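The file input06.pdb contains PDB, C-alpha atoms:
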ATOM      1  CA  MET A   9     -96.666 -87.845 -99.995
ATOM      2  CA  GLN A  10     -97.834 -87.392-103.564
ATOM      3  CA  THR A  11     -99.184 -84.094-104.890
ATOM      4  CA  VAL A  12    -101.489 -84.048-107.909
ATOM      5  CA  LEU A  13    -101.480 -80.990-110.156
ATOM      6  CA  LEU A  14    -104.661 -80.605-112.215
ATOM      7  CA  ALA A  15    -103.200 -79.448-115.517
ATOM      8  CA  GLY A  16    -105.502 -80.530-118.325
ATOM      9  CA  GLY A  17    -107.892 -77.655-119.015
ATOM     10  CA  LEU A  18    -108.098 -75.460-122.103
ATOM     11  CA  GLY A  19    -107.447 -72.131-120.360
ATOM     12  CA  SER A  20    -109.782 -70.323-122.753
ATOM     13  CA  ARG A  21    -109.529 -66.968-120.945
ATOM     14  CA  LEU A  22    -105.817 -66.965-121.763
ATOM     15  CA  SER A  23    -106.384 -67.954-125.386
ATOM     16  CA  GLU A  24    -103.649 -65.602-126.598
ATOM     17  CA  GLU A  25    -101.181 -67.997-124.953
ATOM     18  CA  THR A  26    -103.038 -71.299-124.715
ATOM     19  CA  VAL A  27    -103.692 -71.620-128.423
ATOM     20  CA  ARG A  28     -99.986 -72.565-128.566
ATOM     21  CA  ILE A  29     -99.233 -74.203-125.224
ATOM     22  CA  PRO A  30    -101.083 -75.697-122.234
ATOM     23  CA  LYS A  31    -102.140 -73.117-119.665
ATOM     24  CA  PRO A  32     -99.834 -74.534-116.937
ATOM     25  CA  MET A  33     -96.881 -73.765-119.231
ATOM     26  CA  VAL A  34     -97.717 -70.079-119.643
ATOM     27  CA  GLU A  35     -94.661 -68.298-118.284
ATOM     28  CA  VAL A  36     -94.470 -65.972-115.315
ATOM     29  CA  GLY A  37     -91.058 -64.546-114.506
ATOM     30  CA  GLY A  38     -89.478 -66.632-117.251
ATOM     31  CA  ARG A  39     -90.793 -69.960-115.914
ATOM     32  CA  PRO A  40     -94.072 -71.857-116.450
ATOM     33  CA  ILE A  41     -96.651 -71.022-113.773
ATOM     34  CA  MET A  42     -96.842 -74.736-112.960
ATOM     35  CA  LEU A  43     -93.227 -74.739-111.753
ATOM     36  CA  HIS A  44     -94.014 -71.842-109.401
ATOM     37  CA  VAL A  45     -96.784 -73.970-107.862
ATOM     38  CA  MET A  46     -94.370 -76.884-107.484
ATOM     39  CA  ASP A  47     -91.823 -74.556-105.868
ATOM     40  CA  ILE A  48     -94.318 -73.930-103.047
ATOM     41  CA  TYR A  49     -94.537 -77.636-102.255
ATOM     42  CA  ASP A  50     -90.781 -78.066-102.695
ATOM     43  CA  HIS A  51     -90.175 -75.447 -99.989
ATOM     44  CA  TRP A  52     -92.003 -77.706 -97.523
ATOM     45  CA  GLY A  53     -90.132 -80.834 -98.560
ATOM     46  CA  GLN A  54     -92.824 -82.235-100.863
ATOM     47  CA  HIS A  55     -91.079 -83.528-103.984
ATOM     48  CA  ASP A  56     -93.374 -86.197-105.477
ATOM     49  CA  PHE A  57     -95.756 -84.898-108.142
ATOM     50  CA  ILE A  58     -98.327 -86.341-110.526
ATOM     51  CA  ILE A  59     -99.290 -84.068-113.419
ATOM     52  CA  ALA A  60    -102.861 -84.801-114.553
ATOM     53  CA  CYS A  61    -102.659 -83.418-118.073
ATOM     54  CA  GLY A  62    -105.028 -83.459-121.025
ATOM     55  CA  TYR A  63    -104.975 -80.519-123.462
ATOM     56  CA  LYS A  64    -101.684 -80.615-125.409
ATOM     57  CA  CYS A  65    -100.506 -83.462-123.183
ATOM     58  CA  MET A  66     -97.617 -84.445-125.472
ATOM     59  CA  MET A  67     -96.134 -80.973-125.085
ATOM     60  CA  MET A  68     -96.310 -81.367-121.293
ATOM     61  CA  LYS A  69     -94.606 -84.756-121.461
ATOM     62  CA  ALA A  70     -91.834 -83.396-123.672
ATOM     63  CA  PHE A  71     -91.309 -80.459-121.322
ATOM     64  CA  PHE A  72     -90.763 -82.599-118.229
ATOM     65  CA  ASN A  73     -88.691 -85.128-120.134
ATOM     66  CA  ASN A  74     -86.276 -82.339-121.063
ATOM     67  CA  LEU A  75     -86.479 -80.299-117.860
ATOM     68  CA  HIS A  76     -83.241 -81.745-116.471
ATOM     69  CA  LEU A  77     -81.438 -80.446-119.569
ATOM     70  CA  MET A  78     -83.025 -77.006-119.398
ATOM     71  CA  ASN A  79     -82.146 -76.632-115.723
ATOM     72  CA  ASN A  80     -78.490 -77.573-116.096
ATOM     73  CA  ASP A  81     -75.489 -76.885-118.264
ATOM     74  CA  PHE A  82     -74.016 -79.755-120.246
ATOM     75  CA  THR A  83     -71.251 -80.850-122.574
ATOM     76  CA  VAL A  84     -72.178 -82.991-125.559
ATOM     77  CA  THR A  85     -69.826 -84.978-127.781
ATOM     78  CA  LEU A  86     -71.445 -84.490-131.146
ATOM     79  CA  GLY A  87     -69.858 -87.546-132.760
ATOM     80  CA  THR A  88     -71.380 -89.965-130.282
ATOM     81  CA  GLY A  89     -74.142 -87.943-128.656
ATOM     82  CA  ARG A  90     -72.643 -88.612-125.224
ATOM     83  CA  MET A  91     -73.674 -85.936-122.749
ATOM     84  CA  ASN A  92     -72.275 -84.864-119.397
ATOM     85  CA  LEU A  93     -74.504 -82.703-117.210
ATOM     86  CA  ARG A  94     -73.056 -79.933-115.074
ATOM     87  CA  PRO A  95     -75.705 -79.270-112.413
ATOM     88  CA  CYS A  96     -76.730 -75.645-111.903
ATOM     89  CA  ARG A  97     -79.854 -76.035-109.779
ATOM     90  CA  LYS A  98     -80.635 -78.852-107.396
ATOM     91  CA  MET A  99     -84.091 -80.247-108.113
ATOM     92  CA  GLU A 100     -85.004 -83.476-106.335
ATOM     93  CA  TRP A 101     -88.454 -83.863-107.838
ATOM     94  CA  ASN A 102     -90.099 -87.081-108.953
ATOM     95  CA  VAL A 103     -92.662 -86.186-111.601
ATOM     96  CA  SER A 104     -95.202 -88.533-113.184
ATOM     97  CA  VAL A 105     -96.965 -87.093-116.237
ATOM     98  CA  VAL A 106    -100.280 -88.824-116.909
ATOM     99  CA  ASP A 107    -102.635 -88.285-119.844
ATOM    100  CA  THR A 108    -106.046 -88.114-118.152
ATOM    101  CA  GLY A 109    -107.958 -87.247-121.332
ATOM    102  CA  GLU A 110    -108.452 -83.986-123.175
ATOM    103  CA  ALA A 111    -112.175 -83.640-122.408
ATOM    104  CA  THR A 112    -112.087 -85.047-118.851
ATOM    105  CA  MET A 113    -113.333 -82.865-116.013
ATOM    106  CA  THR A 114    -111.290 -82.302-112.830
ATOM    107  CA  GLY A 115    -113.090 -85.004-110.824
ATOM    108  CA  GLY A 116    -112.597 -87.480-113.642
ATOM    109  CA  ARG A 117    -108.906 -86.636-113.912
ATOM    110  CA  LEU A 118    -108.484 -87.391-110.240
ATOM    111  CA  LEU A 119    -110.435 -90.654-110.492
ATOM    112  CA  ARG A 120    -108.171 -91.828-113.330
ATOM    113  CA  LEU A 121    -105.208 -91.484-110.956
ATOM    114  CA  ARG A 122    -106.590 -93.862-108.331
ATOM    115  CA  ASP A 123    -104.080 -96.616-109.124
ATOM    116  CA  TRP A 124    -101.209 -94.113-109.211
ATOM    117  CA  ILE A 125    -102.031 -92.809-105.739
ATOM    118  CA  GLY A 126    -102.939 -95.997-103.893
ATOM    119  CA  ASP A 127    -104.149 -96.041-100.305
ATOM    120  CA  GLU A 128    -102.286 -93.091 -98.826
ATOM    121  CA  THR A 129    -103.195 -89.499 -97.996
ATOM    122  CA  PHE A 130    -102.436 -87.221-100.953
ATOM    123  CA  MET A 131    -102.602 -83.568-101.941
ATOM    124  CA  VAL A 132    -104.225 -81.939-104.964
ATOM    125  CA  THR A 133    -104.080 -78.422-106.357
ATOM    126  CA  TYR A 134    -104.562 -76.402-109.503
ATOM    127  CA  SER A 135    -101.536 -75.704-111.672
ATOM    128  CA  ASP A 136    -102.317 -71.999-112.103
ATOM    129  CA  GLY A 137    -102.895 -70.615-108.582
ATOM    130  CA  VAL A 138    -100.080 -69.561-106.250
ATOM    131  CA  GLY A 139     -99.995 -68.646-102.565
ATOM    132  CA  ASN A 140     -97.622 -68.720 -99.613
ATOM    133  CA  ILE A 141     -99.481 -71.677 -98.119
ATOM    134  CA  ASP A 142     -97.966 -73.288 -95.034
ATOM    135  CA  ILE A 143     -98.154 -76.861 -96.277
ATOM    136  CA  ASP A 144     -97.009 -78.318 -92.950
ATOM    137  CA  ALA A 145     -99.776 -76.444 -91.118
ATOM    138  CA  LEU A 146    -102.280 -77.532 -93.785
ATOM    139  CA  LEU A 147    -101.336 -81.188 -93.282
ATOM    140  CA  ALA A 148    -101.478 -80.849 -89.495
ATOM    141  CA  PHE A 149    -104.964 -79.319 -89.749
ATOM    142  CA  HIS A 150    -106.110 -82.152 -92.013
ATOM    143  CA  ARG A 151    -104.816 -84.852 -89.680
ATOM    144  CA  ALA A 152    -106.387 -83.175 -86.664
ATOM    145  CA  HIS A 153    -109.968 -82.963 -87.955
ATOM    146  CA  GLY A 154    -110.092 -86.594 -89.080
ATOM    147  CA  GLY A 155    -112.306 -86.005 -92.133
ATOM    148  CA  LEU A 156    -111.760 -87.212 -95.673
ATOM    149  CA  ALA A 157    -111.011 -83.851 -97.291
ATOM    150  CA  THR A 158    -109.519 -80.420 -96.677
ATOM    151  CA  VAL A 159    -109.756 -77.436 -98.991
ATOM    152  CA  THR A 160    -107.676 -74.304 -98.537
ATOM    153  CA  ALA A 161    -110.047 -71.358 -98.191
ATOM    154  CA  VAL A 162    -108.635 -68.081 -99.487
ATOM    155  CA  GLN A 163    -109.844 -64.526 -99.861
ATOM    156  CA  PRO A 164    -110.109 -63.359-103.475
ATOM    157  CA  PRO A 165    -107.710 -60.605-104.519
ATOM    158  CA  ALA A 166    -109.185 -57.112-104.614
ATOM    159  CA  ARG A 167    -109.940 -56.025-108.173
ATOM    160  CA  PHE A 168    -112.249 -53.019-107.981
ATOM    161  CA  GLY A 169    -112.515 -49.714-106.199
ATOM    162  CA  ASN A 170    -115.120 -49.213-103.481
ATOM    163  CA  LEU A 171    -117.628 -46.374-103.337
ATOM    164  CA  GLU A 172    -119.224 -45.383-100.045
ATOM    165  CA  LEU A 173    -122.373 -43.389-100.828
ATOM    166  CA  ALA A 174    -124.022 -40.783 -98.608
ATOM    167  CA  LYS A 175    -127.429 -39.127 -98.909
ATOM    168  CA  GLY A 176    -128.231 -37.611-102.268
ATOM    169  CA  ASP A 177    -125.890 -40.098-103.959
ATOM    170  CA  ARG A 178    -122.858 -38.104-102.830
ATOM    171  CA  VAL A 179    -119.684 -40.185-102.713
ATOM    172  CA  ALA A 180    -118.572 -40.091 -99.093
ATOM    173  CA  ALA A 181    -115.385 -42.078 -99.628
ATOM    174  CA  PHE A 182    -113.496 -43.797-102.399
ATOM    175  CA  THR A 183    -111.020 -46.613-101.851
ATOM    176  CA  GLU A 184    -108.983 -47.770-104.822
ATOM    177  CA  LYS A 185    -109.159 -51.489-103.983
ATOM    178  CA  VAL A 186    -111.004 -53.193-101.159
ATOM    179  CA  GLN A 187    -110.464 -56.728 -99.888
ATOM    180  CA  ASN A 188    -113.684 -58.335 -98.691
ATOM    181  CA  TYR A 189    -112.458 -60.229 -95.647
ATOM    182  CA  GLU A 190    -115.829 -61.930 -95.173
ATOM    183  CA  THR A 191    -115.594 -63.779 -98.481
ATOM    184  CA  TRP A 192    -113.872 -67.174 -98.690
ATOM    185  CA  ILE A 193    -113.419 -69.144-101.908
ATOM    186  CA  ASN A 194    -111.865 -72.425-103.011
ATOM    187  CA  GLY A 195    -108.132 -71.786-103.398
ATOM    188  CA  GLY A 196    -107.103 -75.354-104.202
ATOM    189  CA  PHE A 197    -104.300 -76.840-102.082
ATOM    190  CA  PHE A 198    -106.471 -79.787-101.076
ATOM    191  CA  VAL A 199    -105.573 -82.722 -98.843
ATOM    192  CA  PHE A 200    -107.538 -85.918 -99.485
ATOM    193  CA  GLU A 201    -107.848 -89.363 -98.003
ATOM    194  CA  PRO A 202    -108.331 -92.267-100.457
ATOM    195  CA  GLY A 203    -111.994 -92.413 -99.409
ATOM    196  CA  VAL A 204    -112.554 -89.325-101.571
ATOM    197  CA  PHE A 205    -112.364 -91.574-104.648
ATOM    198  CA  ASP A 206    -115.706 -93.082-103.620
ATOM    199  CA  TYR A 207    -117.290 -89.660-104.204
ATOM    200  CA  LEU A 208    -116.034 -89.496-107.819
ATOM    201  CA  GLU A 209    -118.152 -90.978-110.586
ATOM    202  CA  GLY A 210    -116.474 -90.479-113.958
ATOM    203  CA  ASP A 211    -114.864 -88.291-116.595
ATOM    204  CA  HIS A 212    -117.877 -85.984-116.882
ATOM    205  CA  GLU A 213    -117.746 -84.742-113.311
ATOM    206  CA  PRO A 214    -116.004 -81.576-112.061
ATOM    207  CA  LEU A 215    -114.435 -82.066-108.637
ATOM    208  CA  GLU A 216    -115.793 -78.673-107.576
ATOM    209  CA  GLN A 217    -119.454 -79.582-108.024
ATOM    210  CA  SER A 218    -121.136 -82.782-106.812
ATOM    211  CA  PRO A 219    -118.090 -84.467-105.176
ATOM    212  CA  LEU A 220    -117.189 -81.556-102.899
ATOM    213  CA  ALA A 221    -120.864 -80.801-102.262
ATOM    214  CA  ARG A 222    -121.511 -84.376-101.153
ATOM    215  CA  LEU A 223    -118.392 -84.435 -98.997
ATOM    216  CA  ALA A 224    -119.623 -81.260 -97.307
ATOM    217  CA  ALA A 225    -123.126 -82.690 -96.828
ATOM    218  CA  ASP A 226    -121.609 -85.773 -95.190
ATOM    219  CA  GLY A 227    -119.521 -83.645 -92.825
ATOM    220  CA  GLN A 228    -116.268 -84.811 -94.434
ATOM    221  CA  LEU A 229    -114.985 -81.516 -95.909
ATOM    222  CA  PHE A 230    -113.086 -78.994 -93.793
ATOM    223  CA  ALA A 231    -111.597 -75.578 -94.666
ATOM    224  CA  PHE A 232    -108.053 -74.537 -93.837
ATOM    225  CA  LYS A 233    -108.223 -70.731 -93.741
ATOM    226  CA  HIS A 234    -105.255 -69.047 -95.426
ATOM    227  CA  LYS A 235    -105.072 -65.292 -94.845
ATOM    228  CA  GLY A 236    -101.762 -64.750 -96.604
ATOM    229  CA  PHE A 237    -101.024 -64.169-100.277
ATOM    230  CA  TRP A 238    -102.983 -66.056-102.916
ATOM    231  CA  HIS A 239    -103.572 -65.233-106.575
ATOM    232  CA  PRO A 240    -104.967 -67.177-109.545
ATOM    233  CA  MET A 241    -103.872 -66.864-113.168
ATOM    234  CA  ASP A 242    -107.201 -66.907-114.950
ATOM    235  CA  THR A 243    -106.809 -63.936-117.280
ATOM    236  CA  VAL A 244    -104.173 -61.900-119.094
ATOM    237  CA  ARG A 245    -104.549 -59.288-116.369
ATOM    238  CA  ASP A 246    -103.735 -61.902-113.725
ATOM    239  CA  ARG A 247    -100.661 -63.007-115.628
ATOM    240  CA  GLU A 248     -99.421 -59.429-115.940
ATOM    241  CA  GLN A 249     -99.925 -58.880-112.187
ATOM    242  CA  LEU A 250     -97.952 -62.024-111.321
ATOM    243  CA  GLU A 251     -95.254 -60.983-113.777
ATOM    244  CA  ARG A 252     -94.899 -57.623-112.007
ATOM    245  CA  LEU A 253     -94.615 -59.369-108.635
ATOM    246  CA  CYS A 254     -91.820 -61.595-109.983
ATOM    247  CA  ALA A 255     -89.949 -58.556-111.276
ATOM    248  CA  GLU A 256     -89.889 -57.065-107.768
ATOM    249  CA  GLY A 257     -87.732 -59.886-106.349
ATOM    250  CA  THR A 258     -88.729 -63.008-104.430
ATOM    251  CA  PRO A 259     -92.430 -63.336-105.306
ATOM    252  CA  PRO A 260     -94.929 -63.203-102.432
ATOM    253  CA  TRP A 261     -95.998 -66.826-102.908
ATOM    254  CA  LEU A 262     -92.479 -67.836-101.828
ATOM    255  CA  ARG A 263     -92.341 -65.558 -98.786
ATOM    256  CA  PHE A 264     -93.354 -67.631 -95.798
ATOM    257  CA  GLU A 265     -94.112 -66.424 -92.297
ATOM    258  CA  GLU A 266     -91.768 -67.471 -89.517
ATOM    259  CA  ARG A 267     -93.112 -69.813 -86.871
ATOM    260  CA  SER A 268     -92.975 -69.055 -83.164
ATOM    261  CA  ASP A 269     -90.620 -71.960 -82.487
ATOM    262  CA  PRO A 270     -87.200 -70.938 -83.892
ATOM    263  CA  ALA A 271     -86.346 -74.575 -84.560
ATOM    264  CA  MET A 272     -89.378 -74.839 -86.830
ATOM    265  CA  ARG A 273     -88.944 -71.656 -88.833
ATOM    266  CA  PRO A 274     -88.772 -72.389 -92.550
ATOM    267  CA  MET A 275     -86.242 -70.626 -94.725
ATOM    268  CA  ILE A 276     -87.545 -68.419 -97.523
ATOM    269  CA  TYR A 277     -87.112 -70.266-100.817
ATOM    270  CA  ALA A 278     -85.214 -68.160-103.336
TER     271      ALA A 278
END
Could you take the file, read its structure, and then write that structure out as structure tokens?
Amino acid sequence: MQTVLLAGGLGSRLSEETVRIPKPMVEVGGRPIMLHVMDIYDHWGQHDFIIACGYKCMMMKAFFNNLHLMNNDFTVTLGTGRMNLRPCRKMEWNVSVVDTGEATMTGGRLLRLRDWIGDETFMVTYSDGVGNIDIDALLAFHRAHGGLATVTAVQPPARFGNLELAKGDRVAAFTEKVQNYETWINGGFFVFEPGVFDYLEGDHEPLEQSPLARLAADGQLFAFKHKGFWHPMDTVRDREQLERLCAEGTPPWLRFEERSDPAMRPMIYA
């Protein structure tokens, strides 16, 4: 099954980094955030990716063209240029890098990939949000409801302290950070049927606006609730938080819960 990574935006809230490189290539733990997202799918045996790039697309193409060299050691005969790779890390990914236009919105990027995807179920996500999503469970949920589209619903990370006020404006309690467990937001990690393309109109259209709204109105959009770890990389603060989590060891987006059936328990990807 093919997985599309939406990777063409400007990333203006990370302008300190994105003035030089595309946002999906901003590094966390010494690796581009985009590779961390792909690691999640790789853990569940999903190895076929389409990168829908736009801003600084040539840099993205050069990166993936050279990734096999960066991931492995090699010996090069300088007189002839002949190179022998000495594999260090097994990476069985098939990656298509497609220029979907610098100014194209997310819905338009997806529509431009219609011929690349064909008539099969496919997955889509953002290239800058990570979570320990159970992709197998997500796919099973999608197949069970029979609709055209599934979005992974996540709970936004706590950012602010909570004040509980008593009479006379006295602070009765203070909690450093509070997670609002009643709030669900779009966390990416979509599963789509090809019929979703009929809801897309052109380059000008964000996927998150009219297309998803019309799918919902038609009863074709379902939410897979993920209560585990999820975190975006929208700001410098987000990047620093993800960097700290990487420094602590195996990051939480690669720590997966065991299933009840021992034969079905996934190994933690390290």
Residue IDs satisfying the PyMOL selection byres ((chain A and resi 10) around 7), as a PyMOL selection string: chain A and resi 9+11-12+56-57+130-131
Surrounding residues of A:Leu208 excluding itself and chain neighbours under 6 positions, 7 Å, only C-alpha atoms, as a ChimeraX atom specification: /A:115,119,219
Restrict the selected residues to C-alpha atoms and save them as an mmCIF file, in the frame of the given file.
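Done, and the output landed in part.cif:
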data_model
loop_
_atom_site.group_PDB
_atom_site.id
_atom_site.type_symbol
_atom_site.label_atom_id
_atom_site.label_comp_id
_atom_site.auth_asym_id
_atom_site.auth_seq_id
_atom_site.Cartn_x
_atom_site.Cartn_y
_atom_site.Cartn_z
ATOM 1 C CA GLY A 115 -113.090 -85.004 -110.824
ATOM 2 C CA LEU A 119 -110.435 -90.654 -110.492
ATOM 3 C CA PRO A 219 -118.090 -84.467 -105.176
#
Protein/DNA/RNA residues near (-77.9, -80.2, -116.0), cut 12 Å, all atoms listed in the file, as a ChimeraX atom specification: /A:74-84,91-99
Stretch 31-139 of chain A residues near stretch 245-260 of chain A within 9 Å, closest pair each, using all atoms listed in the file, as a Markdown table:
| residue | atom | partner | partner_atom | distance |
| --- | --- | --- | --- | --- |
| A:Val34 | CA | A:Arg247 | CA | 8.6 |
| A:Glu35 | CA | A:Arg247 | CA | 8.4 |
| A:Val36 | CA | A:Glu251 | CA | 5.3 |
| A:Gly37 | CA | A:Cys254 | CA | 5.5 |
| A:Gly38 | CA | A:Glu251 | CA | 8.8 |
| A:Gly139 | CA | A:Pro260 | CA | 7.4 |
Keeping only C-alpha atoms, write the selected residues to a file as a compact mmCIF listing (two decimals), in the coordinates of the input.
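Writing the result to result.txt gives the following:
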# COMPACT_ATOMS: atom_id res chain seq x y z
CA VAL A 34 -97.72 -70.08 -119.64
CA GLU A 35 -94.66 -68.30 -118.28
CA VAL A 36 -94.47 -65.97 -115.32
CA GLY A 37 -91.06 -64.55 -114.51
CA GLY A 38 -89.48 -66.63 -117.25
CA GLY A 139 -100.00 -68.65 -102.56
Result set, the PyMOL selection byres ((chain A and resi 111) around 10) on current file, as a list in words: Gly16, Gly17, Leu18, Gly62, Tyr63, Thr108, Gly109, Glu110, Thr112, Met113, Thr114, Gly116, Arg117, Asp211 and His212 of chain A
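Considering all atoms listed in the file, the residue among A:Thr191, A:Thr129, A:Ser135, A:Ser104 positioned nearest to A:Met241 is A:Ser135.
For the set A:Ala145, A:Leu229, A:Ala161, A:Val103, the residue with the smallest atom-to-atom gap to A:Glu265 is A:Ala145, counting only C-alpha atoms.
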Padding 6 Å on each side, edges along x, y and z: where is the centre of the box around the listed atoms of stretch 73-88 of chain A, and how long are its edges in Å to one decimal? Output it as lines of an AutoDock Vina configuration file.
center_x = -79.3
center_y = -83.3
center_z = -124.2
size_x = 30.9
size_y = 25.3
size_z = 29.0
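With distances restricted to only C-alpha atoms, A:Phe200 is the closest residue to A:Gly126 from A:Tyr207, A:Phe237, A:Phe72, A:Phe200.
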Contact residues around A:Phe230 with only C-alpha atoms at 7 Å, ignoring same-chain residues under 4 positions, as a list in words: Ala157, Thr158 and Val159 of chain A
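Residue selection for this entry, given the PyMOL selection byres ((chain A and resi 40-51) around 8), comprises Pro32, Met33, Val34, Glu35, Val36, Gly38, Arg39, Trp52, Gly53, Gln54, His55, Ser135, Asp136, Gly137, Val138, Gly139, Asn140, Ile141, Ile143, Trp261, Leu262, Ile276 and Tyr277 of chain A.
Minimum atom-to-atom distances from A:Ala225, A:Ala231, A:Leu156, A:Leu215 to A:Gly203 were compared using all atoms listed in the file, and the lowest value belongs to A:Leu156.
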All heavy atoms modelled onto stretch 141-148 of chain A, as a PDB file, in the frame of the given file:
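Output file part_14.pdb is given in full below:
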ATOM      1  N   ILE A 141     -98.774 -70.734 -98.984  1.00  0.00           N
ATOM      2  CA  ILE A 141     -99.481 -71.677 -98.119  1.00  0.00           C
ATOM      3  C   ILE A 141     -98.481 -72.410 -97.230  1.00  0.00           C
ATOM      4  O   ILE A 141     -97.464 -72.916 -97.717  1.00  0.00           O
ATOM      5  CB  ILE A 141    -100.263 -72.714 -98.954  1.00  0.00           C
ATOM      6  CG1 ILE A 141    -101.045 -72.033-100.095  1.00  0.00           C
ATOM      7  CG2 ILE A 141    -101.168 -73.542 -98.061  1.00  0.00           C
ATOM      8  CD1 ILE A 141    -102.113 -71.103 -99.664  1.00  0.00           C
ATOM      9  N   ASP A 142     -98.769 -72.493 -95.953  1.00  0.00           N
ATOM     10  CA  ASP A 142     -97.966 -73.288 -95.034  1.00  0.00           C
ATOM     11  C   ASP A 142     -98.435 -74.738 -95.173  1.00  0.00           C
ATOM     12  O   ASP A 142     -99.421 -75.146 -94.566  1.00  0.00           O
ATOM     13  CB  ASP A 142     -98.157 -72.772 -93.600  1.00  0.00           C
ATOM     14  CG  ASP A 142     -97.235 -73.452 -92.602  1.00  0.00           C
ATOM     15  OD1 ASP A 142     -96.923 -74.644 -92.800  1.00  0.00           O
ATOM     16  OD2 ASP A 142     -96.850 -72.800 -91.605  1.00  0.00           O
ATOM     17  N   ILE A 143     -97.730 -75.492 -95.987  1.00  0.00           N
ATOM     18  CA  ILE A 143     -98.154 -76.861 -96.277  1.00  0.00           C
ATOM     19  C   ILE A 143     -98.088 -77.739 -95.031  1.00  0.00           C
ATOM     20  O   ILE A 143     -98.948 -78.601 -94.816  1.00  0.00           O
ATOM     21  CB  ILE A 143     -97.304 -77.469 -97.414  1.00  0.00           C
ATOM     22  CG1 ILE A 143     -97.457 -76.635 -98.705  1.00  0.00           C
ATOM     23  CG2 ILE A 143     -97.699 -78.919 -97.677  1.00  0.00           C
ATOM     24  CD1 ILE A 143     -98.852 -76.588 -99.274  1.00  0.00           C
ATOM     25  N   ASP A 144     -97.090 -77.537 -94.186  1.00  0.00           N
ATOM     26  CA  ASP A 144     -97.009 -78.318 -92.950  1.00  0.00           C
ATOM     27  C   ASP A 144     -98.218 -78.056 -92.056  1.00  0.00           C
ATOM     28  O   ASP A 144     -98.798 -78.975 -91.476  1.00  0.00           O
ATOM     29  CB  ASP A 144     -95.722 -77.974 -92.188  1.00  0.00           C
ATOM     30  CG  ASP A 144     -94.491 -78.638 -92.789  1.00  0.00           C
ATOM     31  OD1 ASP A 144     -94.649 -79.435 -93.743  1.00  0.00           O
ATOM     32  OD2 ASP A 144     -93.378 -78.356 -92.319  1.00  0.00           O
ATOM     33  N   ALA A 145     -98.606 -76.779 -91.932  1.00  0.00           N
ATOM     34  CA  ALA A 145     -99.776 -76.444 -91.118  1.00  0.00           C
ATOM     35  C   ALA A 145    -101.050 -77.000 -91.744  1.00  0.00           C
ATOM     36  O   ALA A 145    -101.961 -77.453 -91.035  1.00  0.00           O
ATOM     37  CB  ALA A 145     -99.881 -74.928 -90.944  1.00  0.00           C
ATOM     38  N   LEU A 146    -101.133 -76.966 -93.072  1.00  0.00           N
ATOM     39  CA  LEU A 146    -102.280 -77.532 -93.785  1.00  0.00           C
ATOM     40  C   LEU A 146    -102.415 -79.024 -93.483  1.00  0.00           C
ATOM     41  O   LEU A 146    -103.510 -79.516 -93.173  1.00  0.00           O
ATOM     42  CB  LEU A 146    -102.109 -77.300 -95.284  1.00  0.00           C
ATOM     43  CG  LEU A 146    -103.045 -78.039 -96.239  1.00  0.00           C
ATOM     44  CD1 LEU A 146    -104.492 -77.618 -96.028  1.00  0.00           C
ATOM     45  CD2 LEU A 146    -102.623 -77.805 -97.694  1.00  0.00           C
ATOM     46  N   LEU A 147    -101.309 -79.755 -93.552  1.00  0.00           N
ATOM     47  CA  LEU A 147    -101.336 -81.188 -93.282  1.00  0.00           C
ATOM     48  C   LEU A 147    -101.698 -81.473 -91.821  1.00  0.00           C
ATOM     49  O   LEU A 147    -102.443 -82.406 -91.528  1.00  0.00           O
ATOM     50  CB  LEU A 147     -99.987 -81.815 -93.641  1.00  0.00           C
ATOM     51  CG  LEU A 147     -99.673 -81.912 -95.131  1.00  0.00           C
ATOM     52  CD1 LEU A 147     -98.236 -82.363 -95.349  1.00  0.00           C
ATOM     53  CD2 LEU A 147    -100.640 -82.854 -95.843  1.00  0.00           C
ATOM     54  N   ALA A 148    -101.161 -80.666 -90.912  1.00  0.00           N
ATOM     55  CA  ALA A 148    -101.478 -80.849 -89.495  1.00  0.00           C
ATOM     56  C   ALA A 148    -102.962 -80.617 -89.243  1.00  0.00           C
ATOM     57  O   ALA A 148    -103.609 -81.353 -88.480  1.00  0.00           O
ATOM     58  CB  ALA A 148    -100.629 -79.905 -88.646  1.00  0.00           C
TER      59      ALA A 148
END
